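**Student:** Have a peek at start31.txt (compact mmCIF, C-alpha atoms).
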# COMPACT_ATOMS: atom_id res chain seq x y z
CA MET M 1195 -24.91 14.03 -6.60
CA ALA M 1196 -24.12 17.74 -6.67
CA GLU M 1197 -25.96 18.13 -3.38
CA HIS M 1198 -24.06 15.29 -1.86
CA HIS M 1199 -20.80 16.78 -3.03
CA SER M 1200 -21.42 20.24 -1.67
CA ALA M 1201 -22.58 18.78 1.63
CA HIS M 1202 -19.03 17.64 2.27
CA ALA M 1203 -17.11 20.24 0.35
CA ALA M 1204 -16.29 23.58 1.90
CA GLU M 1205 -17.58 26.71 0.21
CA GLY M 1206 -18.54 24.73 -2.87
CA HIS M 1207 -14.94 24.65 -4.04
CA GLY M 1208 -14.50 20.92 -3.76
CA GLU M 1209 -12.13 21.12 -0.79
CA VAL M 1210 -12.53 18.40 1.76
CA HIS M 1211 -12.71 19.55 5.35
CA VAL M 1212 -12.13 16.61 7.61
CA THR M 1213 -11.72 16.90 11.36
CA LEU M 1214 -8.61 15.55 13.08
CA PRO M 1215 -10.47 13.07 15.33
CA PHE M 1216 -11.72 11.43 12.12
CA TYR M 1217 -8.10 10.74 11.10
CA TYR M 1218 -7.19 9.57 14.61
CA ARG M 1219 -10.16 7.19 14.69
CA THR M 1220 -9.09 5.78 11.31
CA PHE M 1221 -5.55 5.24 12.59
CA ALA M 1222 -6.87 3.56 15.76
CA TRP M 1223 -8.93 1.18 13.59
CA LEU M 1224 -5.87 0.39 11.47
CA MET M 1225 -3.83 -0.39 14.60
CA GLY M 1226 -6.63 -2.55 15.99
CA LEU M 1227 -6.86 -4.50 12.73
CA LEU M 1228 -3.07 -4.93 12.65
CA ILE M 1229 -3.21 -6.46 16.14
CA ILE M 1230 -6.10 -8.76 15.11
CA THR M 1231 -4.20 -9.96 12.06
CA LEU M 1232 -1.13 -10.71 14.22
CA VAL M 1233 -3.20 -12.56 16.83
CA ALA M 1234 -4.87 -14.62 14.08
CA ALA M 1235 -1.43 -15.50 12.65
CA TRP M 1236 -0.15 -16.35 16.13
CA LEU M 1237 -3.06 -18.71 16.81
CA ASN M 1238 -2.53 -20.52 13.50
CA LEU M 1239 -6.06 -21.36 12.36
CA GLY M 1240 -5.02 -23.68 9.56
CA LEU M 1241 -7.08 -23.22 6.41
CA LEU M 1242 -8.70 -20.09 7.85
CA ASN M 1243 -5.34 -18.26 8.02
CA LEU M 1244 -5.39 -16.93 4.46
CA PRO M 1245 -9.07 -15.84 4.31
CA ILE M 1246 -8.79 -14.06 7.68
CA ALA M 1247 -5.52 -12.33 6.76
CA MET M 1248 -6.93 -11.20 3.39
CA ALA M 1249 -10.26 -10.07 4.86
CA ILE M 1250 -8.42 -7.89 7.38
CA ALA M 1251 -6.04 -6.54 4.70
CA ILE M 1252 -9.01 -5.61 2.48
CA TRP M 1253 -10.72 -3.98 5.47
CA LYS M 1254 -7.57 -1.95 6.24
CA ALA M 1255 -7.15 -0.96 2.57
CA GLY M 1256 -10.82 0.07 2.48
CA LEU M 1257 -10.37 2.31 5.53
CA ILE M 1258 -7.36 4.01 3.91
CA PHE M 1259 -9.23 4.41 0.60
CA THR M 1260 -12.35 5.95 2.12
CA ASN M 1261 -10.92 7.95 5.02
CA PHE M 1262 -7.30 8.89 4.29
CA MET M 1263 -7.77 9.08 0.51
CA HIS M 1264 -11.09 10.92 0.84
CA LEU M 1265 -13.18 8.62 -1.35
CA LYS M 1266 -15.86 8.93 1.34
CA PHE M 1267 -16.25 12.60 0.39
CA SER M 1268 -15.67 12.31 -3.35
CA THR M 1269 -18.06 12.12 -6.28
CA ALA M 1270 -19.35 8.83 -7.61
CA LEU M 1271 -17.14 9.26 -10.70
CA ALA M 1272 -13.97 9.28 -8.56
CA ARG M 1273 -15.12 6.10 -6.83
CA VAL M 1274 -15.70 4.45 -10.21
CA PHE M 1275 -12.14 5.42 -11.19
CA ALA M 1276 -10.81 3.84 -8.01
CA LEU M 1277 -12.86 0.68 -8.42
CA CYS M 1278 -12.15 0.13 -12.13
CA ALA M 1279 -8.55 -0.91 -11.44
CA PHE M 1280 -9.74 -3.59 -9.06
CA PHE M 1281 -12.41 -4.68 -11.49
CA PHE M 1282 -9.73 -5.31 -14.13
CA LEU M 1283 -7.55 -7.08 -11.57
CA LEU M 1284 -10.53 -9.26 -10.71
CA ILE M 1285 -10.90 -10.21 -14.38
CA MET M 1286 -7.22 -11.15 -14.55
CA PHE M 1287 -7.35 -13.21 -11.36
CA VAL M 1288 -10.66 -14.98 -11.95
CA LEU M 1289 -10.21 -15.87 -15.61
CA THR M 1290 -6.55 -16.86 -15.43
CA LEU M 1291 -6.72 -18.76 -12.15
CA SER M 1292 -9.85 -20.61 -13.26
CA ASP M 1293 -7.77 -21.89 -16.17
CA TYR M 1294 -4.88 -22.99 -13.92
CA PHE M 1295 -7.13 -24.52 -11.27
CA SER M 1296 -9.25 -26.49 -13.73
CA ARG M 1297 -6.45 -28.00 -15.83
CA GLY M 1298 -6.80 -31.74 -16.06
CA TRP M 1299 -10.33 -31.83 -14.62
CA LEU M 1300 -11.71 -33.35 -17.78
CA GLY M 1301 -8.85 -35.80 -18.21
CA PRO M 1302 -6.31 -35.79 -21.00
CA ARG M 1303 -7.30 -34.79 -24.53
CA VAL M 1304 -8.35 -37.87 -26.45
CA TRP M 1305 -9.03 -36.44 -29.90
CA MET O 462 -18.97 34.78 -24.56
CA ALA O 463 -20.56 36.14 -21.43
CA SER O 464 -19.79 32.99 -19.51
CA GLN O 465 -16.19 33.09 -20.66
CA THR O 466 -15.71 36.58 -19.27
CA GLN O 467 -17.34 35.47 -16.08
CA THR O 468 -14.94 32.54 -15.80
CA VAL O 469 -11.94 34.78 -16.18
CA GLU O 470 -13.26 37.15 -13.55
CA HIS O 471 -13.98 34.26 -11.31
CA ALA O 472 -10.46 33.00 -11.75
CA HIS O 473 -8.99 36.35 -11.06
CA GLY O 474 -11.10 36.97 -8.00
CA HIS O 475 -10.11 33.70 -6.42
CA GLU O 476 -6.48 33.61 -7.35
CA HIS O 477 -5.23 34.45 -3.90
CA GLU O 478 -8.08 32.95 -1.94
CA HIS O 479 -8.25 29.44 -3.38
CA GLY O 480 -5.28 28.90 -5.64
CA VAL O 481 -5.10 29.49 -9.37
CA LEU O 482 -8.04 28.49 -11.56
CA HIS O 483 -6.75 27.40 -14.94
CA HIS O 484 -8.61 28.74 -17.97
CA HIS O 485 -9.94 25.41 -19.24
CA PHE O 486 -12.01 24.78 -16.11
CA ASP O 487 -15.38 26.29 -15.25
CA ASP O 488 -14.71 26.69 -11.55
CA MET O 489 -12.51 25.52 -8.69
CA ALA O 490 -14.72 22.54 -7.85
CA GLN O 491 -14.39 21.22 -11.40
CA GLN O 492 -10.65 21.80 -11.39
CA ARG O 493 -10.21 19.98 -8.09
CA GLU O 494 -12.38 17.11 -9.29
CA SER O 495 -10.35 16.76 -12.51
CA THR O 496 -7.05 16.75 -10.61
CA PHE O 497 -8.40 14.18 -8.15
CA LEU O 498 -9.65 11.96 -11.00
CA GLY O 499 -6.33 12.24 -12.86
CA MET O 500 -4.43 11.02 -9.83
CA TRP O 501 -6.84 8.15 -9.31
CA LEU O 502 -6.40 7.14 -12.95
CA PHE O 503 -2.65 7.01 -12.36
CA LEU O 504 -3.16 4.98 -9.19
CA ALA O 505 -5.38 2.58 -11.17
CA THR O 506 -2.46 1.88 -13.53
CA GLU O 507 -0.21 1.43 -10.48
CA ALA O 508 -2.67 -1.06 -9.00
CA MET O 509 -2.56 -3.02 -12.25
CA MET O 510 1.25 -3.02 -12.30
CA PHE O 511 1.42 -4.38 -8.75
CA GLY O 512 -1.51 -6.64 -9.67
CA GLY O 513 0.69 -8.55 -12.11
CA LEU O 514 3.10 -9.34 -9.28
CA PHE O 515 0.25 -10.25 -6.94
CA PHE O 516 -0.97 -12.64 -9.60
CA ALA O 517 2.46 -14.25 -9.96
CA TYR O 518 2.50 -14.56 -6.18
CA SER O 519 -0.93 -16.23 -6.09
CA LEU O 520 -0.08 -18.72 -8.79
CA TYR O 521 3.25 -19.79 -7.31
CA ARG O 522 1.97 -19.85 -3.77
CA TRP O 523 -0.72 -22.24 -4.97
CA LYS O 524 1.80 -24.40 -6.85
CA PHE O 525 4.67 -24.23 -4.33
CA SER O 526 2.77 -23.87 -1.05
CA VAL O 527 5.33 -25.85 1.00
CA ALA O 528 8.22 -23.77 -0.36
CA PHE O 529 6.39 -20.49 0.31
CA HIS O 530 5.78 -21.61 3.88
CA GLU O 531 9.49 -22.38 4.23
CA GLY O 532 10.47 -19.06 2.61
CA ALA O 533 8.31 -17.06 5.02
CA HIS O 534 10.11 -18.79 7.91
CA HIS O 535 13.25 -16.91 6.90
CA GLN O 536 11.60 -13.51 7.32
CA ASN O 537 12.20 -11.42 10.40
CA ILE O 538 8.59 -11.05 11.46
CA THR O 539 9.39 -8.52 14.21
CA LEU O 540 10.97 -6.13 11.71
CA GLY O 541 8.09 -6.72 9.28
CA THR O 542 5.57 -5.82 11.98
CA LEU O 543 7.60 -2.76 12.97
CA ASN O 544 7.64 -1.61 9.34
CA THR O 545 3.88 -2.09 9.01
CA PHE O 546 3.39 0.11 12.06
CA VAL O 547 5.87 2.71 10.75
CA LEU O 548 4.12 2.89 7.38
CA LEU O 549 0.59 3.11 8.83
CA PHE O 550 1.82 5.82 11.17
CA SER O 551 3.35 7.72 8.23
CA SER O 552 -0.08 7.63 6.57
CA LEU O 553 -1.49 9.37 9.64
CA THR O 554 1.22 12.06 9.54
CA MET O 555 0.59 12.48 5.78
CA ALA O 556 -3.14 12.90 6.44
CA ARG O 557 -2.26 15.52 9.05
CA ALA O 558 -0.04 17.33 6.53
CA VAL O 559 -3.00 17.44 4.11
CA HIS O 560 -5.16 18.78 6.93
CA ALA O 561 -2.57 21.43 7.81
CA ALA O 562 -2.48 22.60 4.18
CA VAL O 563 -6.28 22.96 4.13
CA GLU O 564 -6.09 24.90 7.41
CA ARG O 565 -3.29 27.05 5.91
CA ASN O 566 -1.04 26.21 8.82
CA LYS O 567 2.45 26.45 7.34
CA LYS O 568 4.29 25.44 10.51
CA GLN O 569 2.25 22.24 10.93
CA LEU O 570 2.43 21.42 7.23
CA VAL O 571 6.24 21.56 7.30
CA GLN O 572 6.29 19.64 10.57
CA PHE O 573 4.12 16.77 9.32
CA LEU O 574 5.86 16.56 5.94
CA ILE O 575 9.12 16.10 7.86
CA TRP O 576 7.51 13.45 10.10
CA THR O 577 6.27 11.57 7.05
CA MET O 578 9.74 11.68 5.51
CA VAL O 579 11.39 10.50 8.73
CA LEU O 580 8.99 7.54 8.99
CA GLY O 581 9.36 6.71 5.27
CA THR O 582 13.14 6.75 5.64
CA ALA O 583 12.91 4.55 8.74
CA PHE O 584 10.96 2.02 6.66
CA ILE O 585 13.69 1.96 3.99
CA VAL O 586 16.43 1.63 6.64
CA VAL O 587 14.68 -1.38 8.22
CA LYS O 588 14.26 -2.89 4.75
CA TYR O 589 17.99 -2.33 4.11
CA PHE O 590 18.87 -4.37 7.20
CA GLU O 591 16.40 -7.11 6.26
CA TRP O 592 17.83 -7.38 2.77
CA GLY O 593 21.39 -7.24 4.14
CA HIS O 594 20.53 -10.17 6.37
CA ASP O 595 19.11 -12.13 3.41
CA TYR O 596 22.29 -11.38 1.46
CA HIS O 597 24.53 -12.76 4.22
CA GLU O 598 22.28 -15.78 4.73
CA GLY O 599 22.57 -16.60 1.03
CA LEU O 600 18.87 -16.05 0.36
CA MET O 601 19.12 -13.47 -2.43
CA PRO O 602 18.43 -15.16 -5.79
CA ALA O 603 20.94 -14.39 -8.58
CA ILE O 604 23.16 -12.34 -6.23
CA ALA O 605 23.80 -14.57 -3.22
CA TRP O 606 21.93 -17.85 -3.34
CA ASN O 607 23.82 -20.50 -1.39
CA PHE O 608 21.79 -21.03 1.79
CA TYR O 609 20.71 -24.54 0.79
CA ASP O 610 24.21 -25.46 -0.44
CA ARG O 611 25.68 -25.03 3.03
CA ALA O 612 26.50 -28.21 4.94
CA GLU O 613 24.66 -27.10 8.10
CA ASN O 614 21.42 -26.63 6.13
CA GLN O 615 21.31 -30.02 4.41
CA HIS O 616 18.70 -31.28 6.89
CA LEU O 617 16.42 -28.44 5.67
CA VAL O 618 16.87 -29.58 2.07
CA GLN O 619 16.00 -33.10 3.22
CA GLU O 620 12.84 -31.84 4.97
CA LEU O 621 11.79 -29.93 1.85
CA VAL O 622 12.24 -32.97 -0.37
CA GLU O 623 10.26 -35.12 2.07
CA LYS O 624 7.38 -32.63 1.82
CA GLY O 625 7.49 -32.81 -1.98
CA SER O 626 9.32 -29.52 -2.49
CA ASN O 627 12.90 -28.38 -3.13
CA PRO O 628 15.19 -25.33 -2.74
CA HIS O 629 14.42 -24.14 -6.28
CA GLN O 630 10.81 -23.60 -5.27
CA VAL O 631 11.94 -21.63 -2.20
CA MET O 632 14.04 -19.56 -4.59
CA MET O 633 10.82 -18.69 -6.42
CA TYR O 634 9.40 -17.34 -3.16
CA PHE O 635 12.44 -15.10 -2.77
CA VAL O 636 12.34 -13.98 -6.41
CA ILE O 637 8.74 -12.85 -5.85
CA TYR O 638 9.58 -11.44 -2.41
CA PHE O 639 12.39 -9.26 -3.77
CA SER O 640 10.36 -8.21 -6.85
CA MET O 641 7.38 -7.12 -4.77
CA THR O 642 9.20 -5.50 -1.86
CA GLY O 643 11.75 -4.03 -4.30
CA LEU O 644 9.09 -2.38 -6.46
CA HIS O 645 7.39 -1.20 -3.30
CA ALA O 646 10.67 0.26 -1.97
CA ILE O 647 11.26 2.05 -5.30
CA HIS O 648 7.83 3.63 -4.84
CA MET O 649 8.76 4.65 -1.31
CA ILE O 650 11.99 6.27 -2.52
CA VAL O 651 10.15 8.13 -5.31
CA GLY O 652 7.61 9.23 -2.68
CA LEU O 653 10.39 10.47 -0.39
CA GLY O 654 11.88 12.45 -3.30
CA CYS O 655 8.50 14.05 -4.02
CA LEU O 656 8.06 14.82 -0.32
CA ALA O 657 11.44 16.57 -0.29
CA VAL O 658 10.28 18.84 -3.14
CA PHE O 659 6.98 19.43 -1.34
CA LEU O 660 8.82 20.28 1.87
CA ARG O 661 10.96 22.86 0.05
CA LEU O 662 7.91 24.47 -1.53
CA ALA O 663 5.93 24.28 1.72
CA MET O 664 8.69 26.18 3.54
CA LYS O 665 8.37 28.91 0.90
CA GLY O 666 4.68 29.24 1.77
CA GLN O 667 3.28 27.25 -1.14
CA PHE O 668 0.20 25.07 -0.36
CA THR O 669 -0.82 27.21 2.63
CA ASN O 670 -1.94 30.09 0.40
CA GLY O 671 -5.17 28.35 -0.59
CA ASN O 672 -3.46 26.07 -3.11
CA ASP O 673 -3.66 23.04 -0.87
CA GLN O 674 -4.66 20.36 -3.37
CA PRO O 675 -1.13 19.31 -4.42
CA VAL O 676 -0.60 18.06 -0.85
CA GLU O 677 -3.81 16.03 -1.05
CA ILE O 678 -2.60 14.49 -4.34
CA MET O 679 0.79 13.73 -2.78
CA GLY O 680 -1.12 12.10 0.06
CA LEU O 681 -3.05 9.89 -2.37
CA TYR O 682 0.25 8.49 -3.69
CA TRP O 683 1.65 7.96 -0.20
CA HIS O 684 -1.48 6.21 1.04
CA PHE O 685 -1.55 4.01 -2.06
CA VAL O 686 2.01 2.80 -1.39
CA ASP O 687 0.91 2.15 2.19
CA ILE O 688 -2.01 0.03 0.95
CA VAL O 689 0.35 -2.10 -1.17
CA TRP O 690 2.34 -2.88 1.98
CA VAL O 691 -0.86 -3.70 3.88
CA PHE O 692 -1.25 -6.61 1.44
CA LEU O 693 2.45 -7.52 1.18
CA PHE O 694 2.88 -7.93 4.93
CA PRO O 695 0.40 -10.80 5.51
CA LEU O 696 1.18 -12.40 2.13
CA LEU O 697 4.97 -12.46 2.49
CA TYR O 698 5.57 -12.53 6.25
CA LEU O 699 2.54 -14.10 7.94
CA ILE O 700 2.21 -17.22 5.73
CA ALA O 701 4.02 -19.32 8.31
CA GLY O 702 2.20 -17.65 11.23
CA PHE O 703 3.29 -14.98 13.68
CA HIS O 704 5.77 -16.64 16.04
CA PRO O 705 8.53 -14.22 16.98
CA SER O 706 11.03 -15.45 19.56
CA TRP O 707 9.76 -13.00 22.20
CA LEU O 708 6.19 -14.39 22.16
CA PRO O 709 5.08 -17.60 23.89
CA PRO O 710 3.71 -20.30 21.57
CA PRO O 711 -0.09 -20.32 21.02
CA PRO O 712 -2.37 -22.64 23.08
CA GLY O 713 -2.40 -25.44 20.49
CA GLY O 714 1.33 -25.23 19.66
CA HIS O 715 2.73 -24.11 16.31
Give the structure from the file, written as structure tokens.
**Tutor:**
Amino acid sequence: MAEHHSAHAAEGHGEVHVTLPFYYRTFAWLMGLLIITLVAAWLNLGLLNLPIAMAIAIWKAGLIFTNFMHLKFSTALARVFALCAFFFLLIMFVLTLSDYFSRGWLGPRVW
Amino acid sequence: MASQTQTVEHAHGHEHEHGVLHHHFDDMAQQRESTFLGMWLFLATEAMMFGGLFFAYSLYRWKFSVAFHEGAHHQNITLGTLNTFVLLFSSLTMARAVHAAVERNKKQLVQFLIWTMVLGTAFIVVKYFEWGHDYHEGLMPAIAWNFYDRAENQHLVQELVEKGSNPHQVMMYFVIYFSMTGLHAIHMIVGLGCLAVFLRLAMKGQFTNGNDQPVEIMGLYWHFVDIVWVFLFPLLYLIAGFHPSWLPPPPGGH
């Protein structure tokens, strides 16, 4: 991990040296994805609307996380910190929504 | 003891080259890592705070899907798209400010901090007009909620009832809309305030003397707020599709 870190960090001081074209490419991707999400919403694909919109939003967020927020160049520990919030959100969404969605599946209580 | 002396020397030797090394860190890399992790921990708590609202959104969208569709119809999708572009563009200028600080380019740092502030302010101004419009339309719960009481809108109430919904459910969409965009706007305003302080310090030559990390940390916050909007835009505006008046309808119709 230390090797990986120093490979991207200048002078071993943990600074991230990223070239400008890298940022421009990221921005171009974000613009492209924005256009795709608008075209998908314009076409109106019915049930596919939400999954497509969310997939693109997650893709855009991922690009910002890794490229603009430098997670691509950070240590594994920093990535764990970033992911833990979403892990806890996942717990909240999955457990609570599974309760709401499954209410009444087994019929009314009879005892 | 020997290592302690070494650390102090190390700190002293690098004070002007790479910013100040505080005494409780071994070296600059460790200090940078700790600062980076601390900010990410804060952002994790922010993600969980917004997460609560995203959960409320998910639940009510599932329960009141017709009303949420109707609510999204009231949004000005052109302004929403414009704001998405403005915010993504401000992330690019923020990234360039971070880059300028690393390069120790004071002029560019100041320039891109100003650009980021201009774009952030533009976002808030657009939001102000959107909210003003909602206020006049009577679509602001608790403050001005009379859109569906107006005689000319009774056919809309009728349509909602026929689809198994009602204006109260649309109100829930707007409660969630104002909570989410409001909390997001508060974050934008806090970010603009921080940027103003950073701009002042940057003009004094701070951050371009080797102490560039504060700008990176500021950038993390700004990009995070941008990411929240990346999710808010499709969830609040694009539910009912993207059909602004200046675009022809899609091949299959609406």
**Student:** In Å, how far is it from CA of Leu662 (chain O) to CA of Val579 (chain O)?
**Tutor:**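 If I compute the distance from CA of Leu662 (chain O) to CA of Val579 (chain O), I get 17.7 Å.
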**Student:** When distances are computed from only C-alpha atoms, which of O:Ser519, O:Gln572, O:Gln492, O:Gln619 shows the smallest separation from Phe1295 (chain M)?
**Tutor:**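 Once distances to Phe1295 (chain M) are computed over only C-alpha atoms, the minimum belongs to O:Ser519.
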**Student:** What is the distance between CA of His483 (chain O) and CA of Val651 (chain O), in Å to one decimal?
**Tutor:**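 Calculated distance between CA of His483 (chain O) and CA of Val651 (chain O) is 27.4 Å.
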**Student:** So that I can check the surroundings of region 582-587 of chain O, please list as number ranges by chain every protein, DNA and RNA residue that reaches within 12 Å of it, counting all atoms listed in the file and ignoring chain neighbours fewer than 2 positions away.
**Tutor:** O: 537-551, 575-580, 589-594, 642-643, 645-654, 656-657, 687, 690
**Student:** Check every residue of chain M for an atom within 9 Å of chain O, counting only C-alpha atoms, and provide those that qualify as a JSON list (two decimals) with C-alpha atoms, in the frame of the given file.
**Tutor:**
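Now in selection_9.json:
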[["chain", "number", "residue", "atom", "x", "y", "z"],
["M", 1203, "ALA", "CA", -17.11, 20.24, 0.35],
["M", 1206, "GLY", "CA", -18.54, 24.73, -2.87],
["M", 1207, "HIS", "CA", -14.94, 24.65, -4.04],
["M", 1208, "GLY", "CA", -14.50, 20.92, -3.76],
["M", 1209, "GLU", "CA", -12.13, 21.12, -0.79],
["M", 1210, "VAL", "CA", -12.53, 18.40, 1.76],
["M", 1211, "HIS", "CA", -12.71, 19.55, 5.35],
["M", 1212, "VAL", "CA", -12.13, 16.61, 7.61],
["M", 1213, "THR", "CA", -11.72, 16.90, 11.36],
["M", 1214, "LEU", "CA", -8.61, 15.55, 13.08],
["M", 1217, "TYR", "CA", -8.10, 10.74, 11.10],
["M", 1218, "TYR", "CA", -7.19, 9.57, 14.61],
["M", 1220, "THR", "CA", -9.09, 5.78, 11.31],
["M", 1221, "PHE", "CA", -5.55, 5.24, 12.59],
["M", 1224, "LEU", "CA", -5.87, 0.39, 11.47],
["M", 1225, "MET", "CA", -3.83, -0.39, 14.60],
["M", 1228, "LEU", "CA", -3.07, -4.93, 12.65],
["M", 1231, "THR", "CA", -4.20, -9.96, 12.06],
["M", 1232, "LEU", "CA", -1.13, -10.71, 14.22],
["M", 1233, "VAL", "CA", -3.20, -12.56, 16.83],
["M", 1234, "ALA", "CA", -4.87, -14.62, 14.08],
["M", 1235, "ALA", "CA", -1.43, -15.50, 12.65],
["M", 1236, "TRP", "CA", -0.15, -16.35, 16.13],
["M", 1237, "LEU", "CA", -3.06, -18.71, 16.81],
["M", 1238, "ASN", "CA", -2.53, -20.52, 13.50],
["M", 1243, "ASN", "CA", -5.34, -18.26, 8.02],
["M", 1244, "LEU", "CA", -5.39, -16.93, 4.46],
["M", 1247, "ALA", "CA", -5.52, -12.33, 6.76],
["M", 1248, "MET", "CA", -6.93, -11.20, 3.39],
["M", 1251, "ALA", "CA", -6.04, -6.54, 4.70],
["M", 1252, "ILE", "CA", -9.01, -5.61, 2.48],
["M", 1254, "LYS", "CA", -7.57, -1.95, 6.24],
["M", 1255, "ALA", "CA", -7.15, -0.96, 2.57],
["M", 1256, "GLY", "CA", -10.82, 0.07, 2.48],
["M", 1258, "ILE", "CA", -7.36, 4.01, 3.91],
["M", 1259, "PHE", "CA", -9.23, 4.41, 0.60],
["M", 1262, "PHE", "CA", -7.30, 8.89, 4.29],
["M", 1263, "MET", "CA", -7.77, 9.08, 0.51],
["M", 1264, "HIS", "CA", -11.09, 10.92, 0.84],
["M", 1268, "SER", "CA", -15.67, 12.31, -3.35],
["M", 1269, "THR", "CA", -18.06, 12.12, -6.28],
["M", 1271, "LEU", "CA", -17.14, 9.26, -10.70],
["M", 1272, "ALA", "CA", -13.97, 9.28, -8.56],
["M", 1273, "ARG", "CA", -15.12, 6.10, -6.83],
["M", 1275, "PHE", "CA", -12.14, 5.42, -11.19],
["M", 1276, "ALA", "CA", -10.81, 3.84, -8.01],
["M", 1277, "LEU", "CA", -12.86, 0.68, -8.42],
["M", 1278, "CYS", "CA", -12.15, 0.13, -12.13],
["M", 1279, "ALA", "CA", -8.55, -0.91, -11.44],
["M", 1280, "PHE", "CA", -9.74, -3.59, -9.06],
["M", 1282, "PHE", "CA", -9.73, -5.31, -14.13],
["M", 1283, "LEU", "CA", -7.55, -7.08, -11.57],
["M", 1286, "MET", "CA", -7.22, -11.15, -14.55],
["M", 1287, "PHE", "CA", -7.35, -13.21, -11.36],
["M", 1291, "LEU", "CA", -6.72, -18.76, -12.15],
["M", 1294, "TYR", "CA", -4.88, -22.99, -13.92]]
**Student:** Distance CA of Ile1285 (chain M)-CA of Leu697 (chain O), one decimal place?
**Tutor:**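 Here the two named atoms are 23.3 Å from each other.
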**Student:** Check the smallest atom-to-atom distance from each of O:Val686, O:Ala603, O:Leu660, O:Ala558 to Phe573 (chain O) using all atoms listed in the file, then report the winner.
**Tutor:**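 Checking each of O:Val686, O:Ala603, O:Leu660, O:Ala558 against Phe573 (chain O), counting all atoms listed in the file, the winner is O:Ala558.
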**Student:** So which residues are close to (6.5, -22.7, 2.3), meaning at most 9 Å away in the file's coordinates with only C-alpha atoms counted, and can you show them as a ChimeraX atom specification?
**Tutor:** /O:522,525-534,621,626,630-631,634,700-701
**Student:** Taking all atoms of region 542-553 of chain O that the file lists, what box with edges along x, y and z, padded by 5 Å per side, do you get, with centre and edge lengths in Å to one decimal, as JSON?
**Tutor:**
{"center_x": 3.1, "center_y": 1.8, "center_z": 9.8, "size_x": 19.1, "size_y": 25.2, "size_z": 16.4}
